[in-house]
file data_38.pdb (PDB, C-alpha atoms)
ATOM      1  CA  ILE A   1     106.426  95.854  87.922
ATOM      2  CA  PRO A   2     104.067  94.590  85.214
ATOM      3  CA  ALA A   3     101.477  97.209  84.246
ATOM      4  CA  ASN A   4      98.545  94.928  85.106
ATOM      5  CA  GLY A   5     100.246  92.101  86.964
ATOM      6  CA  LEU A   6     100.169  88.590  85.564
ATOM      7  CA  PRO A   7      96.654  87.249  86.276
ATOM      8  CA  GLY A   8      96.599  83.543  87.053
ATOM      9  CA  ILE A   9     100.372  83.338  87.486
ATOM     10  CA  ASP A  10     102.387  83.507  90.712
ATOM     11  CA  TRP A  11     104.957  86.232  90.140
ATOM     12  CA  GLU A  12     107.347  88.445  92.005
ATOM     13  CA  SER A  13     109.180  91.656  91.338
ATOM     14  CA  CYS A  14     112.822  91.648  92.418
ATOM     15  CA  MET A  15     114.194  95.133  93.078
ATOM     16  CA  THR A  16     117.039  96.944  94.740
ATOM     17  CA  MET A  17     116.859  99.729  97.325
ATOM     18  CA  ASN A  18     119.244 101.814  95.232
ATOM     19  CA  THR A  19     120.491 101.168  91.680
ATOM     20  CA  THR A  20     122.787  98.140  92.020
ATOM     21  CA  TRP A  21     122.568  94.575  93.318
ATOM     22  CA  GLY A  22     124.504  93.759  96.468
ATOM     23  CA  PHE A  23     126.550  96.362  98.317
ATOM     24  CA  LYS A  24     128.444  98.961  96.272
ATOM     25  CA  PHE A  25     130.096 101.732  98.283
ATOM     26  CA  TYR A  26     129.660 104.176  95.416
ATOM     27  CA  ASP A  27     125.916 103.622  94.919
ATOM     28  CA  ASP A  28     124.246 106.423  96.857
ATOM     29  CA  LYS A  29     121.125 106.752  94.696
ATOM     30  CA  TRP A  30     118.682 105.361  97.244
ATOM     31  CA  LYS A  31     114.995 104.968  96.497
ATOM     32  CA  SER A  32     112.837 106.896  98.944
ATOM     33  CA  SER A  33     110.756 105.119 101.579
ATOM     34  CA  GLU A  34     107.688 106.450  99.767
ATOM     35  CA  THR A  35     108.783 104.766  96.532
ATOM     36  CA  LEU A  36     109.506 101.465  98.282
ATOM     37  CA  ILE A  37     106.175 101.451 100.154
ATOM     38  CA  ARG A  38     104.230 102.383  97.044
ATOM     39  CA  ASN A  39     106.065  99.674  95.075
ATOM     40  CA  LEU A  40     104.989  97.154  97.725
ATOM     41  CA  ILE A  41     101.383  98.318  97.432
ATOM     42  CA  ASP A  42     101.466  98.388  93.619
ATOM     43  CA  ILE A  43     102.855  94.853  93.455
ATOM     44  CA  ALA A  44     100.369  93.487  96.022
ATOM     45  CA  SER A  45      97.509  95.184  94.146
ATOM     46  CA  LYS A  46      98.493  93.228  91.051
ATOM     47  CA  GLY A  47      98.745  89.889  92.866
ATOM     48  CA  GLY A  48     102.534  89.774  93.077
ATOM     49  CA  ASN A  49     105.261  89.401  95.679
ATOM     50  CA  TYR A  50     107.955  92.021  96.400
ATOM     51  CA  LEU A  51     111.491  90.674  96.743
ATOM     52  CA  LEU A  52     113.581  93.588  97.976
ATOM     53  CA  ASN A  53     117.364  93.256  97.786
ATOM     54  CA  VAL A  54     119.304  94.357 100.864
ATOM     55  CA  GLY A  55     123.047  94.147 100.262
ATOM     56  CA  PRO A  56     125.235  93.940 103.380
ATOM     57  CA  THR A  57     128.767  95.336 103.410
ATOM     58  CA  ALA A  58     131.818  93.041 103.330
ATOM     59  CA  GLU A  59     131.671  93.159 107.142
ATOM     60  CA  GLY A  60     128.088  91.852 107.099
ATOM     61  CA  LEU A  61     126.511  95.167 108.093
ATOM     62  CA  ILE A  62     123.288  96.468 106.580
ATOM     63  CA  PRO A  63     123.900 100.037 105.333
ATOM     64  CA  ALA A  64     122.287 102.768 107.440
ATOM     65  CA  GLU A  65     120.309 103.973 104.406
ATOM     66  CA  SER A  66     118.725 100.510 104.098
ATOM     67  CA  VAL A  67     117.996 100.330 107.827
ATOM     68  CA  THR A  68     116.264 103.726 107.708
ATOM     69  CA  ARG A  69     114.068 102.745 104.762
ATOM     70  CA  LEU A  70     113.236  99.315 106.166
ATOM     71  CA  SER A  71     112.305 100.919 109.506
ATOM     72  CA  GLU A  72     109.996 103.364 107.730
ATOM     73  CA  MET A  73     108.430 100.514 105.762
ATOM     74  CA  GLY A  74     107.986  98.639 109.042
ATOM     75  CA  ARG A  75     106.235 101.625 110.643
ATOM     76  CA  TRP A  76     103.817 101.822 107.693
ATOM     77  CA  MET A  77     103.244  98.044 107.827
ATOM     78  CA  LYS A  78     102.599  98.106 111.594
ATOM     79  CA  THR A  79      99.435 100.098 110.902
ATOM     80  CA  ASN A  80      98.540  98.768 107.453
ATOM     81  CA  SER A  81      99.736  95.147 107.267
ATOM     82  CA  ALA A  82      96.170  93.804 107.019
ATOM     83  CA  ALA A  83      95.939  95.549 103.638
ATOM     84  CA  ILE A  84      99.009  93.657 102.342
ATOM     85  CA  TYR A  85      99.408  90.260 104.065
ATOM     86  CA  GLY A  86      97.081  87.560 102.757
ATOM     87  CA  THR A  87      95.471  89.848 100.183
ATOM     88  CA  THR A  88      94.747  89.236  96.541
ATOM     89  CA  ALA A  89      94.840  91.539  93.558
ATOM     90  CA  SER A  90      92.563  94.520  93.092
ATOM     91  CA  PRO A  91      88.934  93.727  92.273
ATOM     92  CA  PHE A  92      88.759  96.734  89.934
ATOM     93  CA  ALA A  93      89.003  96.289  86.167
ATOM     94  CA  LYS A  94      91.403  99.259  85.817
ATOM     95  CA  GLN A  95      94.038 100.860  88.013
ATOM     96  CA  LEU A  96      92.512 103.457  90.308
ATOM     97  CA  GLU A  97      93.307 107.104  89.619
ATOM     98  CA  PHE A  98      93.824 107.833  93.319
ATOM     99  CA  GLY A  99      96.023 104.809  94.129
ATOM    100  CA  ARG A 100      95.677 101.034  94.332
ATOM    101  CA  ALA A 101      93.448  98.364  95.889
ATOM    102  CA  THR A 102      93.949  94.956  97.455
ATOM    103  CA  SER A 103      91.272  92.574  98.694
ATOM    104  CA  LYS A 104      90.326  89.745 101.039
ATOM    105  CA  PRO A 105      86.967  87.974 101.238
ATOM    106  CA  GLY A 106      84.403  90.604 102.258
ATOM    107  CA  ARG A 107      86.924  93.473 102.274
ATOM    108  CA  VAL A 108      88.543  95.834  99.816
ATOM    109  CA  TYR A 109      91.487  97.961 100.885
ATOM    110  CA  LEU A 110      91.867 101.268  99.067
ATOM    111  CA  HIS A 111      95.455 102.553  99.199
ATOM    112  CA  VAL A 112      95.076 106.273  98.563
ATOM    113  CA  PHE A 113      98.184 107.989  97.159
ATOM    114  CA  ASN A 114      96.412 111.079  95.777
ATOM    115  CA  TRP A 115      94.119 112.459  98.468
ATOM    116  CA  PRO A 116      91.027 114.250  97.088
ATOM    117  CA  ALA A 117      91.173 118.007  97.714
ATOM    118  CA  ASP A 118      87.370 118.187  97.968
ATOM    119  CA  GLY A 119      87.143 115.363 100.543
ATOM    120  CA  LYS A 120      85.225 113.100  98.158
ATOM    121  CA  LEU A 121      86.893 109.880  97.079
ATOM    122  CA  SER A 122      85.222 108.458  93.984
ATOM    123  CA  VAL A 123      85.303 104.651  93.979
ATOM    124  CA  PRO A 124      84.310 103.062  90.663
ATOM    125  CA  ALA A 125      81.704 100.293  90.560
ATOM    126  CA  PHE A 126      83.170  96.793  90.855
ATOM    127  CA  GLY A 127      80.171  94.513  91.263
ATOM    128  CA  LYS A 128      79.885  94.711  95.055
ATOM    129  CA  THR A 129      77.944  97.033  97.356
ATOM    130  CA  ILE A 130      79.932  99.123  99.796
ATOM    131  CA  SER A 131      77.989  99.050 103.061
ATOM    132  CA  ARG A 132      80.658 100.362 105.415
ATOM    133  CA  ALA A 133      83.954 102.258 105.078
ATOM    134  CA  TYR A 134      86.580 103.310 107.605
ATOM    135  CA  LEU A 135      90.240 104.227 107.909
ATOM    136  CA  LEU A 136      92.448 101.224 108.672
ATOM    137  CA  ALA A 137      94.517 103.430 111.016
ATOM    138  CA  ASP A 138      91.376 104.480 112.924
ATOM    139  CA  LEU A 139      88.782 101.702 112.980
ATOM    140  CA  LYS A 140      86.288 103.932 114.802
ATOM    141  CA  GLN A 141      86.265 106.635 112.131
ATOM    142  CA  GLN A 142      83.398 105.590 109.868
ATOM    143  CA  LEU A 143      83.222 107.345 106.508
ATOM    144  CA  ASN A 144      79.970 108.558 104.995
ATOM    145  CA  ILE A 145      78.987 106.682 101.838
ATOM    146  CA  SER A 146      76.835 107.886  98.961
ATOM    147  CA  LYS A 147      76.044 106.413  95.565
ATOM    148  CA  SER A 148      77.087 108.049  92.324
ATOM    149  CA  SER A 149      76.242 107.303  88.708
ATOM    150  CA  ASP A 150      79.488 105.342  88.242
ATOM    151  CA  GLY A 151      80.091 103.896  91.712
ATOM    152  CA  THR A 152      80.389 105.201  95.260
ATOM    153  CA  ILE A 153      81.577 108.411  96.892
ATOM    154  CA  LEU A 154      83.364 108.195 100.240
ATOM    155  CA  GLN A 155      83.525 111.345 102.360
ATOM    156  CA  VAL A 156      87.107 111.401 103.702
ATOM    157  CA  PRO A 157      88.906 113.699 106.162
ATOM    158  CA  ALA A 158      90.173 117.009 104.761
ATOM    159  CA  LYS A 159      93.797 115.922 105.119
ATOM    160  CA  ALA A 160      95.313 112.519 104.386
ATOM    161  CA  PRO A 161      96.216 110.783 107.659
ATOM    162  CA  ASP A 162      99.246 109.220 105.942
ATOM    163  CA  ALA A 163     101.094 111.215 103.270
ATOM    164  CA  ILE A 164     102.499 108.084 101.606
ATOM    165  CA  ALA A 165      99.392 105.908 101.461
ATOM    166  CA  THR A 166      96.263 106.102 103.596
ATOM    167  CA  VAL A 167      94.324 102.849 103.648
ATOM    168  CA  ILE A 168      90.528 102.815 103.628
ATOM    169  CA  VAL A 169      88.662  99.540 104.280
TER
END
call {"tool": "encode", "arguments": {"input": "data_38.pdb", "output": "structure tokens"}}
result
Amino acid sequence: IPANGLPGIDWESCMTMNTTWGFKFYDDKWKSSETLIRNLIDIASKGGNYLLNVGPTAEGLIPAESVTRLSEMGRWMKTNSAAIYGTTASPFAKQLEFGRATSKPGRVYLHVFNWPADGKLSVPAFGKTISRAYLLADLKQQLNISKSSDGTILQVPAKAPDAIATVIV
């Protein structure tokens, strides 16, 4: 995954779910669902596409390990797909310390990997005013917003609703 994407160029990152291409009976070094989901987010935040290799067996079966990970990715996407599909790269000049961001006209999606222990998520300035913030998984849960010297502070729940990546709109 390129460190900062490839601005102005359509690109994709082709990866495997373990360490080899296609099916290899001896390759049991599977990437975790967390890694695969965060790769998807990282790539989308940089304006890219994720091409994930799924190698069926000689009998045409998808290995159980792949099915498990794809199901877990699907569960995450069921709640958070709006923050991936049809989005563009992050509007922030630098990668965010707490995670990644994607955007659509009028919306920025903050993908929080590192939940703030103090309940205050510091969002750097990016040339737009944040007038409303809420959890994508709970549209009714509005977050309190306050200004800071270098951006905006969002008051978030004490515990991350999603351990892999909680999305804030």
call {"tool": "closest_residue", "arguments": {"input": "data_38.pdb", "among": "A:Arg69, A:Lys128, A:Pro116, A:Val167", "to": "Gln155 of chain A", "atoms": "all atoms listed in the file"}}
result
A:Pro116
call {"tool": "resolve_selection", "arguments": {"input": "data_38.pdb", "expression": "the PyMOL selection byres ((chain A and resi 45-52) around 9)", "output": "compact mmCIF listing (two decimals) with C-alpha atoms, in the frame of the given file"}}
result
# COMPACT_ATOMS: atom_id res chain seq x y z
CA ILE A 1 106.43 95.85 87.92
CA PRO A 2 104.07 94.59 85.21
CA ALA A 3 101.48 97.21 84.25
CA ASN A 4 98.54 94.93 85.11
CA GLY A 5 100.25 92.10 86.96
CA LEU A 6 100.17 88.59 85.56
CA PRO A 7 96.65 87.25 86.28
CA GLY A 8 96.60 83.54 87.05
CA ILE A 9 100.37 83.34 87.49
CA ASP A 10 102.39 83.51 90.71
CA TRP A 11 104.96 86.23 90.14
CA GLU A 12 107.35 88.44 92.00
CA SER A 13 109.18 91.66 91.34
CA CYS A 14 112.82 91.65 92.42
CA MET A 15 114.19 95.13 93.08
CA THR A 16 117.04 96.94 94.74
CA MET A 17 116.86 99.73 97.32
CA LEU A 36 109.51 101.46 98.28
CA ASN A 39 106.06 99.67 95.08
CA LEU A 40 104.99 97.15 97.72
CA ILE A 41 101.38 98.32 97.43
CA ASP A 42 101.47 98.39 93.62
CA ILE A 43 102.86 94.85 93.46
CA ALA A 44 100.37 93.49 96.02
CA ASN A 53 117.36 93.26 97.79
CA VAL A 54 119.30 94.36 100.86
CA ILE A 84 99.01 93.66 102.34
CA THR A 87 95.47 89.85 100.18
CA THR A 88 94.75 89.24 96.54
CA ALA A 89 94.84 91.54 93.56
CA SER A 90 92.56 94.52 93.09
CA PRO A 91 88.93 93.73 92.27
CA ARG A 100 95.68 101.03 94.33
CA ALA A 101 93.45 98.36 95.89
CA THR A 102 93.95 94.96 97.46
CA SER A 103 91.27 92.57 98.69
call {"tool": "atom_distance", "arguments": {"input": "data_38.pdb", "atom1": "atom CA of Val123 of chain A", "atom2": "atom CA of Ile153 of chain A"}}
result
6.0 Å
call {"tool": "atom_distance", "arguments": {"input": "data_38.pdb", "atom1": "atom CA of Ser32 of chain A", "atom2": "atom CA of Ala83 of chain A"}}
result
20.9 Å
call {"tool": "closest_atom_pairs", "arguments": {"input": "data_38.pdb", "of": "segment 98-119 of chain A", "to": "segment 135-147 of chain A", "cutoff": "12 Å", "atoms": "all atoms listed in the file", "output": "tab-separated table"}}
result
residue	atom	partner	partner_atom	distance
A:Arg107	CA	A:Leu136	CA	11.5
A:Val108	CA	A:Leu136	CA	11.1
A:Tyr109	CA	A:Leu136	CA	8.5
A:Leu110	CA	A:Leu135	CA	9.5
A:His111	CA	A:Leu136	CA	10.0
A:Val112	CA	A:Leu135	CA	10.7
A:Gly119	CA	A:Leu143	CA	10.7
call {"tool": "residues_near_point", "arguments": {"input": "data_38.pdb", "point": "(93.7, 109.2, 87.6)", "cutoff": "12 Å", "atoms": "only C-alpha atoms", "output": "PyMOL selection string"}}
result
chain A and resi 94-100+112-116+121-124
call {"tool": "closest_residue", "arguments": {"input": "data_38.pdb", "among": "A:Ser131, A:Ala125, A:Asp162, A:Lys104", "to": "Asp150 of chain A", "atoms": "all atoms listed in the file"}}
result
A:Ala125
call {"tool": "axis_aligned_box", "arguments": {"input": "data_38.pdb", "around": "segment 23-42 of chain A", "padding_each_side": "6 Å", "output": "lines of an AutoDock Vina configuration file"}}
result
center_x = 115.7
center_y = 101.6
center_z = 97.6
size_x = 40.7
size_y = 22.5
size_z = 20.0
call {"tool": "residues_around", "arguments": {"input": "data_38.pdb", "residues": "Thr57 of chain A", "least_positions_apart": "4", "cutoff": "12 Å", "atoms": "all atoms listed in the file", "output": "ChimeraX atom specification"}}
result
/A:21-26,61-64,66
call {"tool": "residues_around", "arguments": {"input": "data_38.pdb", "residues": "Phe126 of chain A", "least_positions_apart": "5", "cutoff": "9 Å", "atoms": "all atoms listed in the file", "output": "PyMOL selection string"}}
result
chain A and resi 91-93+151
